[in-house]
file query24.txt (compact mmCIF, C-alpha atoms)
# COMPACT_ATOMS: atom_id res chain seq x y z
CA MET A 1 -22.92 -25.44 -78.51
CA SER A 2 -25.34 -23.90 -80.98
CA SER A 3 -24.31 -20.60 -82.48
CA SER A 4 -27.70 -19.17 -81.56
CA SER A 5 -27.16 -19.64 -77.84
CA ALA A 6 -23.40 -19.51 -77.28
CA PRO A 7 -22.23 -16.58 -75.14
CA ALA A 8 -20.47 -13.84 -77.06
CA PRO A 9 -16.99 -12.93 -75.85
CA PRO A 10 -15.96 -9.28 -75.84
CA SER A 11 -13.84 -9.74 -78.96
CA SER A 12 -16.90 -10.70 -81.02
CA SER A 13 -18.49 -7.28 -80.58
CA ALA A 14 -16.12 -4.85 -82.17
CA ALA A 15 -18.72 -2.08 -82.27
CA PRO A 16 -21.86 -1.19 -80.33
CA SER A 17 -24.87 -3.07 -81.65
CA GLY A 18 -27.00 0.02 -81.26
CA SER A 19 -24.90 2.07 -83.64
CA ALA A 20 -26.87 4.05 -86.18
CA SER A 21 -24.38 3.38 -88.97
CA ARG A 22 -25.89 2.78 -92.39
CA SER A 23 -22.63 1.71 -94.00
CA PRO A 24 -23.16 -1.33 -96.23
CA TRP A 25 -19.97 -2.79 -94.71
CA ARG A 26 -20.99 -2.37 -91.07
CA SER A 27 -21.37 -6.14 -90.56
CA LEU A 28 -17.64 -6.52 -91.24
CA ARG A 29 -16.87 -4.71 -87.97
CA TYR A 30 -17.25 -8.11 -86.32
CA ARG A 31 -14.29 -10.46 -86.54
CA SER A 32 -16.35 -13.61 -86.91
CA MET A 33 -18.28 -12.06 -89.80
CA ARG A 34 -15.03 -11.20 -91.54
CA TRP A 35 -13.84 -14.79 -91.25
CA TRP A 36 -17.24 -16.07 -92.40
CA SER A 37 -17.09 -13.81 -95.48
CA VAL A 38 -13.63 -15.12 -96.39
CA ALA A 39 -14.82 -18.70 -95.96
CA ASN A 40 -17.88 -18.05 -98.11
CA PHE A 41 -15.75 -16.49 -100.83
CA VAL A 42 -13.51 -19.56 -100.93
CA SER A 43 -16.53 -21.88 -100.94
CA ASN A 44 -18.36 -19.94 -103.67
CA ALA A 45 -15.26 -19.85 -105.84
CA GLY A 46 -14.92 -23.62 -105.52
CA THR A 47 -18.61 -24.23 -106.18
CA TRP A 48 -18.67 -22.08 -109.31
CA MET A 49 -15.46 -23.68 -110.52
CA GLN A 50 -17.20 -27.05 -110.30
CA LEU A 51 -20.47 -25.81 -111.82
CA THR A 52 -18.59 -24.31 -114.74
CA VAL A 53 -17.15 -27.69 -115.72
CA GLN A 54 -20.03 -29.91 -114.57
CA ASN A 55 -22.27 -29.42 -117.60
CA LEU A 56 -19.33 -30.07 -119.88
CA LEU A 57 -18.61 -33.25 -117.95
CA VAL A 58 -22.19 -34.49 -118.39
CA LEU A 59 -22.03 -33.72 -122.09
CA GLN A 60 -18.69 -35.54 -122.30
CA ILE A 61 -20.14 -38.64 -120.59
CA THR A 62 -23.51 -38.76 -122.35
CA GLY A 63 -23.32 -36.51 -125.38
CA SER A 64 -26.86 -35.42 -124.53
CA ALA A 65 -28.07 -31.91 -123.67
CA ALA A 66 -31.23 -33.48 -122.19
CA ALA A 67 -29.08 -35.46 -119.76
CA THR A 68 -27.45 -32.22 -118.65
CA GLY A 69 -30.81 -30.74 -117.81
CA LEU A 70 -31.82 -33.95 -116.07
CA SER A 71 -28.77 -33.86 -113.79
CA MET A 72 -29.66 -30.31 -112.75
CA SER A 73 -33.26 -31.33 -112.04
CA VAL A 74 -32.14 -34.33 -109.98
CA GLN A 75 -30.00 -32.05 -107.82
CA ALA A 76 -32.85 -29.54 -107.39
CA ALA A 77 -35.58 -32.12 -106.68
CA PRO A 78 -34.70 -32.71 -102.99
CA ALA A 79 -35.25 -29.00 -102.28
CA LEU A 80 -38.81 -29.38 -103.54
CA LEU A 81 -39.56 -32.53 -101.57
CA ILE A 82 -37.65 -32.41 -98.29
CA SER A 83 -36.56 -28.81 -97.61
CA VAL A 84 -39.06 -28.62 -94.75
CA PHE A 85 -37.38 -31.61 -93.09
CA GLY A 86 -33.96 -30.07 -93.63
CA GLY A 87 -35.17 -26.89 -91.94
CA ALA A 88 -36.51 -28.92 -89.01
CA ALA A 89 -33.09 -30.53 -88.64
CA VAL A 90 -31.47 -27.09 -88.50
CA ASP A 91 -33.85 -26.07 -85.69
CA ARG A 92 -33.27 -29.28 -83.76
CA TRP A 93 -29.49 -29.64 -83.96
CA PRO A 94 -26.72 -27.23 -82.84
CA ARG A 95 -26.32 -24.79 -85.71
CA ARG A 96 -22.55 -24.59 -85.93
CA LEU A 97 -22.21 -28.37 -85.75
CA THR A 98 -24.92 -28.80 -88.39
CA ALA A 99 -23.26 -26.35 -90.78
CA ALA A 100 -19.80 -27.86 -90.26
CA VAL A 101 -21.02 -31.43 -90.83
CA SER A 102 -23.05 -30.49 -93.93
CA GLN A 103 -20.05 -28.67 -95.41
CA ALA A 104 -17.84 -31.68 -94.72
CA LEU A 105 -20.37 -34.00 -96.39
CA LEU A 106 -20.54 -31.76 -99.47
CA GLY A 107 -16.75 -31.81 -99.56
CA ALA A 108 -16.77 -35.62 -99.38
CA VAL A 109 -19.17 -35.80 -102.35
CA ALA A 110 -16.88 -33.49 -104.34
CA PHE A 111 -13.82 -35.63 -103.51
CA VAL A 112 -15.61 -38.86 -104.48
CA THR A 113 -16.58 -37.29 -107.81
CA ALA A 114 -13.01 -36.10 -108.37
CA VAL A 115 -11.60 -39.60 -107.76
CA MET A 116 -14.14 -41.24 -110.08
CA VAL A 117 -13.44 -38.70 -112.82
CA ALA A 118 -9.70 -39.20 -112.44
CA LEU A 119 -10.12 -42.98 -112.67
CA ASP A 120 -12.58 -42.65 -115.57
CA ARG A 121 -15.21 -44.56 -113.55
CA LEU A 122 -17.99 -41.98 -113.57
CA ASP A 123 -21.09 -43.01 -115.52
CA LEU A 124 -24.49 -41.32 -115.80
CA THR A 125 -26.14 -43.39 -113.05
CA THR A 126 -23.38 -42.63 -110.55
CA LEU A 127 -23.44 -38.97 -111.51
CA MET A 128 -27.19 -38.77 -110.86
CA VAL A 129 -26.80 -40.46 -107.48
CA LEU A 130 -24.08 -38.00 -106.47
CA ALA A 131 -26.22 -35.09 -107.67
CA ALA A 132 -29.17 -36.34 -105.61
CA VAL A 133 -26.97 -36.73 -102.50
CA THR A 134 -25.69 -33.19 -102.99
CA GLY A 135 -29.26 -31.91 -103.22
CA VAL A 136 -30.29 -33.72 -100.03
CA VAL A 137 -27.34 -32.34 -98.02
CA ALA A 138 -28.00 -28.86 -99.42
CA THR A 139 -31.51 -28.86 -97.89
CA VAL A 140 -29.81 -28.77 -94.49
CA ASP A 141 -26.70 -26.81 -95.42
CA GLY A 142 -28.57 -23.88 -96.98
CA PRO A 143 -30.65 -22.76 -93.96
CA ALA A 144 -27.90 -23.73 -91.49
CA CYS A 145 -25.29 -21.51 -93.15
CA SER A 146 -27.73 -18.65 -93.75
CA LEU A 147 -28.82 -18.50 -90.11
CA LEU A 148 -25.29 -19.03 -88.83
CA GLY A 149 -24.11 -15.97 -90.77
CA ASN A 150 -26.92 -13.85 -89.33
CA ASP A 151 -26.01 -14.90 -85.79
CA LEU A 152 -22.60 -13.27 -86.18
CA VAL A 153 -23.98 -9.70 -86.24
CA PRO A 154 -26.62 -7.73 -84.28
CA ARG A 155 -30.17 -7.91 -85.63
CA GLU A 156 -30.08 -4.42 -87.16
CA ASP A 157 -26.98 -5.36 -89.16
CA VAL A 158 -28.51 -8.46 -90.76
CA PRO A 159 -29.27 -6.58 -94.05
CA SER A 160 -25.58 -5.63 -94.20
CA ALA A 161 -24.59 -9.27 -93.64
CA ILE A 162 -26.94 -10.39 -96.41
CA GLY A 163 -25.69 -7.67 -98.76
CA VAL A 164 -22.07 -8.56 -98.08
CA GLY A 165 -22.99 -12.20 -98.67
CA ALA A 166 -24.46 -11.29 -102.07
CA LEU A 167 -21.28 -9.45 -103.01
CA VAL A 168 -19.16 -12.39 -101.85
CA HIS A 169 -21.35 -14.70 -103.94
CA GLN A 170 -20.83 -12.58 -107.06
CA ALA A 171 -17.08 -12.28 -106.45
CA GLY A 172 -16.81 -16.03 -105.88
CA ARG A 173 -18.80 -16.69 -109.03
CA LEU A 174 -16.50 -14.55 -111.18
CA THR A 175 -13.35 -15.98 -109.58
CA GLY A 176 -14.54 -19.58 -109.82
CA ALA A 177 -15.53 -19.26 -113.47
CA ALA A 178 -12.16 -17.74 -114.28
CA LEU A 179 -10.22 -20.39 -112.35
CA ALA A 180 -12.20 -23.23 -113.93
CA GLY A 181 -10.66 -22.77 -117.36
CA VAL A 182 -7.13 -22.52 -115.96
CA THR A 183 -7.60 -25.51 -113.64
CA VAL A 184 -9.10 -27.78 -116.29
CA GLY A 185 -6.55 -26.68 -118.88
CA PHE A 186 -3.53 -27.48 -116.70
CA LEU A 187 -4.76 -30.10 -114.22
CA GLY A 188 -7.94 -31.62 -115.67
CA THR A 189 -11.62 -31.80 -114.72
CA ALA A 190 -11.01 -33.87 -111.60
CA ALA A 191 -8.92 -31.05 -110.14
CA ALA A 192 -11.90 -28.68 -110.25
CA TYR A 193 -13.95 -31.11 -108.13
CA ALA A 194 -11.02 -31.63 -105.74
CA ALA A 195 -10.60 -27.87 -105.36
CA ASN A 196 -14.29 -27.55 -104.53
CA GLY A 197 -13.91 -30.30 -101.93
CA LEU A 198 -11.05 -28.39 -100.30
CA SER A 199 -13.16 -25.21 -100.24
CA PHE A 200 -15.90 -27.03 -98.31
CA LEU A 201 -13.38 -28.37 -95.81
CA PHE A 202 -11.99 -24.86 -95.33
CA VAL A 203 -15.45 -23.60 -94.36
CA ALA A 204 -15.94 -26.56 -92.01
CA ALA A 205 -12.62 -25.74 -90.34
CA VAL A 206 -13.53 -22.06 -89.83
CA ILE A 207 -17.00 -22.64 -88.34
CA PRO A 208 -15.91 -23.86 -84.84
CA PHE A 209 -14.09 -20.56 -84.26
CA LEU A 210 -17.06 -18.30 -85.07
CA ARG A 211 -18.83 -16.52 -82.22
CA PRO A 212 -22.21 -14.67 -82.31
CA ALA A 213 -22.34 -10.94 -81.63
CA ARG A 214 -24.26 -9.43 -78.73
CA GLY A 215 -27.83 -8.64 -79.79
CA SER A 216 -27.67 -11.03 -82.75
CA ALA A 217 -30.82 -12.22 -84.49
CA GLY A 218 -30.48 -15.64 -82.90
CA GLN A 219 -30.06 -14.28 -79.38
CA THR A 220 -32.93 -11.77 -79.58
CA GLY A 221 -35.46 -14.14 -81.17
CA THR A 222 -38.44 -15.36 -79.20
CA VAL A 223 -37.79 -18.80 -77.74
CA LYS A 224 -40.50 -21.12 -76.55
CA GLU A 225 -40.72 -21.33 -72.77
CA ASP A 226 -40.88 -25.11 -72.72
CA GLY A 227 -37.82 -25.44 -74.95
CA PRO A 228 -37.65 -26.60 -78.56
CA SER A 229 -36.18 -30.07 -78.14
CA ASP A 230 -39.23 -32.33 -78.35
CA THR A 231 -41.77 -30.26 -80.27
CA MET A 232 -39.85 -29.35 -83.41
CA SER A 233 -42.27 -30.83 -85.90
CA VAL A 234 -42.41 -29.93 -89.56
CA ARG A 235 -46.11 -29.23 -89.09
CA GLU A 236 -45.32 -26.50 -86.57
CA GLY A 237 -43.16 -24.67 -89.11
CA LEU A 238 -45.77 -24.99 -91.84
CA ALA A 239 -48.51 -23.77 -89.49
CA PHE A 240 -46.47 -20.73 -88.48
CA PHE A 241 -45.80 -19.82 -92.10
CA VAL A 242 -49.44 -20.18 -93.14
CA ARG A 243 -50.70 -18.15 -90.18
CA ARG A 244 -48.21 -15.33 -90.64
CA PRO A 245 -49.72 -12.71 -93.03
CA ARG A 246 -46.36 -11.00 -93.45
CA LEU A 247 -44.69 -14.15 -94.72
CA LEU A 248 -47.64 -15.01 -96.98
CA ALA A 249 -47.47 -11.54 -98.47
CA LEU A 250 -43.72 -11.91 -99.00
CA ALA A 251 -44.30 -15.27 -100.69
CA GLY A 252 -46.94 -13.72 -102.96
CA VAL A 253 -44.77 -10.77 -103.96
CA THR A 254 -41.73 -12.94 -104.58
CA GLY A 255 -43.75 -15.56 -106.44
CA VAL A 256 -45.40 -13.20 -108.94
CA SER A 257 -42.03 -11.51 -109.51
CA ALA A 258 -40.26 -14.84 -110.01
CA VAL A 259 -42.78 -16.13 -112.55
CA PHE A 260 -43.43 -12.98 -114.61
CA GLY A 261 -40.11 -11.20 -114.20
CA ARG A 262 -36.53 -11.80 -113.12
CA ASN A 263 -35.86 -14.52 -115.73
CA TYR A 264 -34.01 -11.91 -117.74
CA GLN A 265 -31.48 -14.38 -119.12
CA LEU A 266 -34.44 -15.83 -121.00
CA THR A 267 -36.62 -12.84 -121.91
CA LEU A 268 -33.82 -10.38 -122.68
CA ALA A 269 -31.91 -12.99 -124.71
CA VAL A 270 -34.93 -13.40 -126.99
CA LEU A 271 -35.53 -9.63 -127.12
CA VAL A 272 -31.92 -8.79 -127.98
CA THR A 273 -31.43 -11.50 -130.60
CA GLY A 274 -34.94 -11.08 -132.04
CA PRO A 275 -36.68 -7.68 -132.26
CA LEU A 276 -33.49 -5.69 -131.52
CA ALA A 277 -31.49 -7.71 -134.08
CA GLY A 278 -28.46 -8.11 -131.82
CA GLY A 279 -26.08 -11.01 -131.51
CA ALA A 280 -24.35 -12.98 -128.79
CA GLY A 281 -22.01 -10.07 -128.14
CA SER A 282 -24.91 -7.70 -127.57
CA PHE A 283 -26.52 -10.07 -125.11
CA GLY A 284 -23.15 -10.45 -123.38
CA THR A 285 -23.15 -6.69 -122.86
CA VAL A 286 -26.68 -6.85 -121.42
CA SER A 287 -25.62 -9.66 -119.08
CA THR A 288 -22.64 -7.62 -117.90
CA VAL A 289 -24.88 -4.66 -117.10
CA LEU A 290 -27.25 -6.98 -115.22
CA ALA A 291 -24.35 -8.28 -113.13
CA ALA A 292 -23.10 -4.76 -112.42
CA GLY A 293 -26.58 -3.68 -111.38
CA GLY A 294 -26.82 -6.67 -109.07
CA ILE A 295 -23.60 -5.65 -107.33
CA VAL A 296 -24.75 -2.04 -106.94
CA GLY A 297 -28.09 -3.26 -105.60
CA ALA A 298 -26.39 -5.53 -103.06
CA VAL A 299 -24.41 -2.55 -101.73
CA LEU A 300 -27.56 -0.39 -101.50
CA GLY A 301 -29.53 -3.22 -99.91
CA ALA A 302 -26.82 -3.64 -97.30
CA ARG A 303 -27.52 -0.06 -96.16
CA LEU A 304 -31.04 -0.99 -95.04
CA ARG A 305 -31.59 -1.16 -91.29
CA ARG A 306 -35.28 -2.12 -91.00
CA PRO A 307 -36.44 -3.82 -94.21
CA SER A 308 -40.11 -4.75 -94.47
CA VAL A 309 -42.52 -6.52 -96.77
CA ARG A 310 -43.85 -3.09 -97.77
CA VAL A 311 -40.37 -2.15 -99.00
CA VAL A 312 -40.06 -5.46 -100.87
CA GLY A 313 -43.44 -4.95 -102.53
CA ALA A 314 -42.71 -1.35 -103.55
CA LEU A 315 -39.38 -2.36 -105.09
CA ALA A 316 -40.92 -5.34 -106.89
CA ALA A 317 -43.68 -3.15 -108.34
CA ALA A 318 -41.10 -0.58 -109.46
CA GLY A 319 -39.13 -3.38 -111.09
CA GLY A 320 -42.27 -4.49 -112.92
CA LEU A 321 -42.82 -1.00 -114.33
CA LEU A 322 -39.18 -0.76 -115.38
CA GLN A 323 -39.63 -4.11 -117.12
CA VAL A 324 -42.58 -2.67 -119.07
CA VAL A 325 -40.43 0.21 -120.30
CA ALA A 326 -37.61 -2.20 -121.17
CA GLY A 327 -40.04 -4.24 -123.25
CA MET A 328 -40.82 -1.15 -125.33
CA SER A 329 -37.14 -0.28 -125.90
CA PRO A 330 -36.64 0.72 -129.55
CA SER A 331 -32.89 0.05 -129.51
CA LEU A 332 -30.17 -1.78 -127.62
CA ALA A 333 -28.88 1.49 -126.17
CA VAL A 334 -32.24 2.27 -124.57
CA LEU A 335 -32.50 -1.27 -123.26
CA LEU A 336 -29.09 -0.99 -121.59
CA VAL A 337 -30.23 2.21 -119.85
CA MET A 338 -33.24 0.35 -118.44
CA VAL A 339 -31.47 -2.87 -117.54
CA LEU A 340 -29.22 -1.27 -114.93
CA PRO A 341 -32.01 0.07 -112.65
CA MET A 342 -33.96 -3.17 -113.17
CA ALA A 343 -31.05 -5.18 -111.77
CA VAL A 344 -30.46 -2.69 -108.93
CA VAL A 345 -34.11 -2.78 -107.82
CA GLU A 346 -34.23 -6.56 -108.00
CA SER A 347 -31.07 -6.92 -105.90
CA VAL A 348 -32.22 -4.47 -103.20
CA SER A 349 -35.61 -6.21 -103.08
CA ASP A 350 -33.92 -9.60 -102.66
CA THR A 351 -31.77 -8.32 -99.79
CA ALA A 352 -34.78 -6.79 -98.01
CA GLY A 353 -36.90 -9.90 -98.50
CA THR A 354 -34.18 -12.23 -97.25
CA ALA A 355 -33.68 -10.07 -94.16
CA VAL A 356 -37.41 -10.21 -93.36
CA LEU A 357 -37.55 -13.95 -93.93
CA GLN A 358 -34.56 -14.69 -91.70
CA THR A 359 -35.45 -12.37 -88.79
CA ASP A 360 -39.27 -12.33 -88.60
CA PRO A 361 -39.84 -15.88 -87.26
CA PRO A 362 -38.92 -16.69 -83.64
CA ALA A 363 -35.46 -18.19 -83.25
CA HIS A 364 -36.62 -21.77 -82.71
CA LEU A 365 -38.66 -21.76 -85.96
CA ARG A 366 -36.29 -20.07 -88.40
CA GLY A 367 -34.84 -23.23 -89.85
CA ARG A 368 -38.26 -24.68 -90.63
CA VAL A 369 -39.46 -21.39 -92.12
CA LEU A 370 -36.42 -21.36 -94.40
CA GLY A 371 -37.19 -24.97 -95.26
CA VAL A 372 -40.74 -24.06 -96.29
CA TRP A 373 -39.34 -21.17 -98.29
CA GLY A 374 -36.87 -23.49 -100.01
CA SER A 375 -39.69 -25.72 -101.24
CA ILE A 376 -41.71 -22.72 -102.44
CA GLY A 377 -38.68 -21.23 -104.19
CA THR A 378 -37.98 -24.50 -105.97
CA VAL A 379 -41.53 -24.51 -107.34
CA TRP A 380 -41.00 -21.02 -108.71
CA GLY A 381 -37.59 -21.94 -110.10
CA LEU A 382 -38.94 -25.00 -111.93
CA GLY A 383 -42.26 -23.53 -113.01
CA GLY A 384 -41.32 -19.95 -113.84
CA PRO A 385 -39.23 -20.45 -117.01
CA PRO A 386 -41.77 -22.77 -118.74
CA ALA A 387 -44.64 -20.38 -117.90
CA LEU A 388 -42.66 -17.43 -119.19
CA GLY A 389 -41.66 -19.37 -122.28
CA LEU A 390 -45.32 -20.05 -123.02
CA LEU A 391 -46.11 -16.38 -122.56
CA MET A 392 -43.37 -15.49 -125.05
CA GLU A 393 -44.78 -18.01 -127.52
CA LEU A 394 -48.16 -16.27 -127.28
CA ALA A 395 -47.10 -12.62 -127.03
CA GLY A 396 -43.49 -12.47 -128.19
CA ALA A 397 -40.51 -11.19 -126.22
CA ARG A 398 -41.77 -7.61 -126.01
CA GLY A 399 -45.28 -8.72 -125.11
CA ALA A 400 -44.00 -11.06 -122.39
CA LEU A 401 -41.92 -8.32 -120.78
CA ILE A 402 -44.73 -5.78 -120.95
CA ALA A 403 -47.50 -8.13 -119.84
CA GLY A 404 -45.31 -9.63 -117.12
CA GLY A 405 -44.37 -6.23 -115.76
CA LEU A 406 -47.99 -5.07 -115.71
CA ILE A 407 -49.05 -8.27 -113.94
CA ILE A 408 -46.37 -7.77 -111.29
CA ALA A 409 -47.15 -4.10 -110.65
CA GLY A 410 -50.92 -4.62 -110.88
CA THR A 411 -51.00 -7.60 -108.54
CA ILE A 412 -48.87 -5.89 -105.91
CA GLY A 413 -50.84 -2.66 -106.23
CA ALA A 414 -54.16 -4.51 -105.86
CA GLY A 415 -52.87 -6.36 -102.82
CA HIS A 416 -51.78 -3.10 -101.22
CA LEU A 417 -55.17 -1.47 -101.85
CA LEU A 418 -57.02 -4.44 -100.39
CA ARG A 419 -54.83 -4.37 -97.31
CA GLU A 420 -55.35 -0.63 -96.86
CA ARG A 421 -59.11 -1.01 -97.27
CA GLY A 422 -59.13 -3.76 -94.66
CA THR A 423 -57.23 -1.65 -92.12
CA ARG A 424 -59.52 1.35 -92.64
CA VAL A 425 -62.74 -0.45 -91.66
CA PRO A 426 -64.04 1.51 -88.62
CA ARG A 427 -64.39 -0.43 -85.42
CA VAL A 428 -67.14 0.68 -83.01
CA SER A 429 -66.32 0.02 -79.36
CA PRO A 430 -68.97 -1.54 -77.09
CA VAL A 431 -69.18 1.70 -75.05
CA ALA A 432 -69.78 3.80 -78.16
CA HIS A 433 -72.42 1.32 -79.30
CA LEU A 434 -74.30 1.60 -75.99
CA GLU A 435 -74.12 5.38 -76.10
CA THR A 436 -75.56 5.41 -79.60
CA ALA A 437 -78.34 3.05 -78.60
CA ALA A 438 -79.19 5.26 -75.60
call {"tool": "encode", "arguments": {"input": "query24.txt", "output": "C-alpha cells"}}
result
Amino acid sequence: MSSSSAPAPPSSSAAPSGSASRSPWRSLRYRSMRWWSVANFVSNAGTWMQLTVQNLLVLQITGSAAATGLSMSVQAAPALLISVFGGAAVDRWPRRLTAAVSQALLGAVAFVTAVMVALDRLDLTTLMVLAAVTGVVATVDGPACSLLGNDLVPREDVPSAIGVGALVHQAGRLTGAALAGVTVGFLGTAAAYAANGLSFLFVAAVIPFLRPARGSAGQTGTVKEDGPSDTMSVREGLAFFVRRPRLLALAGVTGVSAVFGRNYQLTLAVLVTGPLAGGAGSFGTVSTVLAAGGIVGAVLGARLRRPSVRVVGALAAAGGLLQVVAGMSPSLAVLLVMVLPMAVVESVSDTAGTAVLQTDPPAHLRGRVLGVWGSIGTVWGLGGPPALGLLMELAGARGALIAGGLIIAGTIGAGHLLRERGTRVPRVSPVAHLETAA
C-alpha cells in the first residue's frame, strides 16, 4: 500500500500533530521518521564513500580529467531529459514500493560495479553505461524518497523533516568521505562500492516498516475525485506547474540565485587565491565555514512552520546583498565574517523552498511536480557554472560576486514590486459602477 494512503497506527503519532512546537527536531518525535533518518544517514555515508573514490577510479582507468567530467555529465543527463517521467512514475505507483525498488536497483548497480572493479573488468564504456543507469533510476528514486519522508510527519512538521534531512546529508557526507580513505586503504576501491550497495539495501529493508503520521502532507493533500490511476500524464504535471504562480515564482527566485550566486566553491576559490592572495589552506578554511553555516542554517530552517515563497525570496535577496559585501572584502578575515551568514541564509532558503515545493501541489501531482523541478534544477546545475565563469572572465572574481549579488537582489526586488503593484489595482464592483453612472 502506498505510504500516502496507508492508515497510521497509534504508534506512528508520538505527539499531537497540532502542537505548536518550533523545535528543529520535532519531526523526530515520530518513530518512523527516526528510522528513516538513520537509514538516510547510512545511505548518504555509503554514497559519499563511493563518490569520493569514483573520480579517482575514472582517472585510474582513463588518465583523463575530461573523462571524469564526462562520467559526471552522463549520470546527470537523465535528470534533464526524463525527470518528468520519473515523477509521473512516483505518482502512479505505490510510494513505499517505488522507493524500496529504486533503492534496491541502485544497490544492484553498486554491487555490479564492485565486482567488475575487483575483477579488473571495468572499462570506460561500461562505466558510462553504469553511470547512465544510475542516473535513470535516480529520476524515480529522488522524488519517491523525498515524498516518502514527508509522509512520515504532519504537514506542519515538514520543514523540520527537511532540515533534519539536510543535517543527515551533511553528517553522511563527512562520515562517508572519512571512511572512503580507510576503506580503500585497507580493502580496496571495490569495497567502497560494495559498502554503498549494502547501504542501499539497508534503506530498502527499512522502508516496508515505515508508517505515515496522522495529518501528514500526503494524507491532507487534495486528491482528484475520479482517482489518479488513469490520468497521470506528464502533461498534467507540466500544466499544473506552469499555471501555478507560486511555483513559477519559486523557480524564478531559485534560478537567478543558482546562476548568479551559490556557486561559492567557484567564485570564492578564485577570490581567495587571486585578489586576497591566499592559498589552498585559506580556501579550505572558507569551505569549512561554508559547511558550518550550512549546518546552522539547516537547524534554523527546521524551525519554520509555514514557509512561503515570500520567505524564500526575502532570504535569497538578503543572500545576494551579503554576496555583494563579500565581494568587496579587503581581507580574508572580513570574508570569513561574511561567508558564515551567506551560508546560513542559503541553507534556510533551501529548506523553506523545498517545503513549499513538496507541500503546495495536491498529493496526486507531487511526484510530477518534483520531476519538473528536477529537470529545471539540472539546467541550472549545468548552465550556472559556465555562465558564472564567463562573468568572472569579464569582471573578475570581485566583479562577479558584486554584479551577481546585485542581479539577485534587484531581480527579486523588482518582482516583488510588480506583484504588489498588480495586487493594488482597484477593482470597481458592478453595483458601484451603476451607482456612479446614476
call {"tool": "residues_around", "arguments": {"input": "query24.txt", "residues": "Pro143 in chain A", "least_positions_apart": "2", "cutoff": "12 Å", "atoms": "only C-alpha atoms", "output": "mmCIF file with C-alpha atoms, in the frame of the given file"}}
result
data_model
loop_
_atom_site.group_PDB
_atom_site.id
_atom_site.type_symbol
_atom_site.label_atom_id
_atom_site.label_comp_id
_atom_site.auth_asym_id
_atom_site.auth_seq_id
_atom_site.Cartn_x
_atom_site.Cartn_y
_atom_site.Cartn_z
ATOM 1 C CA ALA A 79 -35.250 -29.000 -102.280
ATOM 2 C CA SER A 83 -36.560 -28.810 -97.610
ATOM 3 C CA VAL A 84 -39.060 -28.620 -94.750
ATOM 4 C CA PHE A 85 -37.380 -31.610 -93.090
ATOM 5 C CA GLY A 86 -33.960 -30.070 -93.630
ATOM 6 C CA GLY A 87 -35.170 -26.890 -91.940
ATOM 7 C CA ALA A 88 -36.510 -28.920 -89.010
ATOM 8 C CA ALA A 89 -33.090 -30.530 -88.640
ATOM 9 C CA VAL A 90 -31.470 -27.090 -88.500
ATOM 10 C CA ASP A 91 -33.850 -26.070 -85.690
ATOM 11 C CA ARG A 95 -26.320 -24.790 -85.710
ATOM 12 C CA ARG A 96 -22.550 -24.590 -85.930
ATOM 13 C CA THR A 98 -24.920 -28.800 -88.390
ATOM 14 C CA ALA A 99 -23.260 -26.350 -90.780
ATOM 15 C CA SER A 102 -23.050 -30.490 -93.930
ATOM 16 C CA VAL A 137 -27.340 -32.340 -98.020
ATOM 17 C CA ALA A 138 -28.000 -28.860 -99.420
ATOM 18 C CA THR A 139 -31.510 -28.860 -97.890
ATOM 19 C CA VAL A 140 -29.810 -28.770 -94.490
ATOM 20 C CA ASP A 141 -26.700 -26.810 -95.420
ATOM 21 C CA CYS A 145 -25.290 -21.510 -93.150
ATOM 22 C CA SER A 146 -27.730 -18.650 -93.750
ATOM 23 C CA LEU A 147 -28.820 -18.500 -90.110
ATOM 24 C CA LEU A 148 -25.290 -19.030 -88.830
ATOM 25 C CA GLY A 149 -24.110 -15.970 -90.770
ATOM 26 C CA ASN A 150 -26.920 -13.850 -89.330
ATOM 27 C CA THR A 354 -34.180 -12.230 -97.250
ATOM 28 C CA LEU A 357 -37.550 -13.950 -93.930
ATOM 29 C CA GLN A 358 -34.560 -14.690 -91.700
ATOM 30 C CA LEU A 365 -38.660 -21.760 -85.960
ATOM 31 C CA ARG A 366 -36.290 -20.070 -88.400
ATOM 32 C CA GLY A 367 -34.840 -23.230 -89.850
ATOM 33 C CA ARG A 368 -38.260 -24.680 -90.630
ATOM 34 C CA VAL A 369 -39.460 -21.390 -92.120
ATOM 35 C CA LEU A 370 -36.420 -21.360 -94.400
ATOM 36 C CA GLY A 371 -37.190 -24.970 -95.260
ATOM 37 C CA VAL A 372 -40.740 -24.060 -96.290
ATOM 38 C CA TRP A 373 -39.340 -21.170 -98.290
ATOM 39 C CA GLY A 374 -36.870 -23.490 -100.010
ATOM 40 C CA SER A 375 -39.690 -25.720 -101.240
#
call {"tool": "residues_around", "arguments": {"input": "query24.txt", "residues": "range 273-287 of chain A", "least_positions_apart": "3", "cutoff": "8 Å", "atoms": "only C-alpha atoms", "output": "PyMOL selection string"}}
result
chain A and resi 265+268-270+290-291+330-332+336+339+397
call {"tool": "atom_distance", "arguments": {"input": "query24.txt", "atom1": "CA of Val109 in chain A", "atom2": "CA of Phe200 in chain A"}}
result
10.2 Å
call {"tool": "closest_residue", "arguments": {"input": "query24.txt", "among": "A:Glu236, A:Pro307, A:Leu250, A:Leu388", "to": "Arg262 in chain A", "atoms": "only C-alpha atoms"}}
result
A:Leu388
call {"tool": "atom_distance", "arguments": {"input": "query24.txt", "atom1": "CA of Ser308 in chain A", "atom2": "CA of Asn44 in chain A"}}
result
28.1 Å
call {"tool": "closest_residue", "arguments": {"input": "query24.txt", "among": "A:Ala171, A:Ala132, A:Ala400, A:Ala363", "to": "Ser73 in chain A", "atoms": "all atoms listed in the file"}}
result
A:Ala132
call {"tool": "axis_aligned_box", "arguments": {"input": "query24.txt", "around": "range 407-417 of chain A", "padding_each_side": "8 Å", "output": "JSON"}}
result
{"center_x": -50.8, "center_y": -4.9, "center_z": -107.6, "size_x": 24.8, "size_y": 22.8, "size_z": 28.7}
call {"tool": "residues_near_point", "arguments": {"input": "query24.txt", "point": "(-19.6, -26.8, -112.0)", "cutoff": "12 Å", "atoms": "only C-alpha atoms", "output": "VMD selection string"}}
result
chain A and resid 44 to 58 68 71 to 72 110 113 to 114 131 173 176 to 181 184 189 to 196
call {"tool": "atom_distance", "arguments": {"input": "query24.txt", "atom1": "CA of Val129 in chain A", "atom2": "CA of Leu198 in chain A"}}
result
21.1 Å
call {"tool": "closest_residue", "arguments": {"input": "query24.txt", "among": "A:Val158, A:Ala414, A:Val289, A:Ala395", "to": "Arg305 in chain A", "atoms": "all atoms listed in the file"}}
result
A:Val158
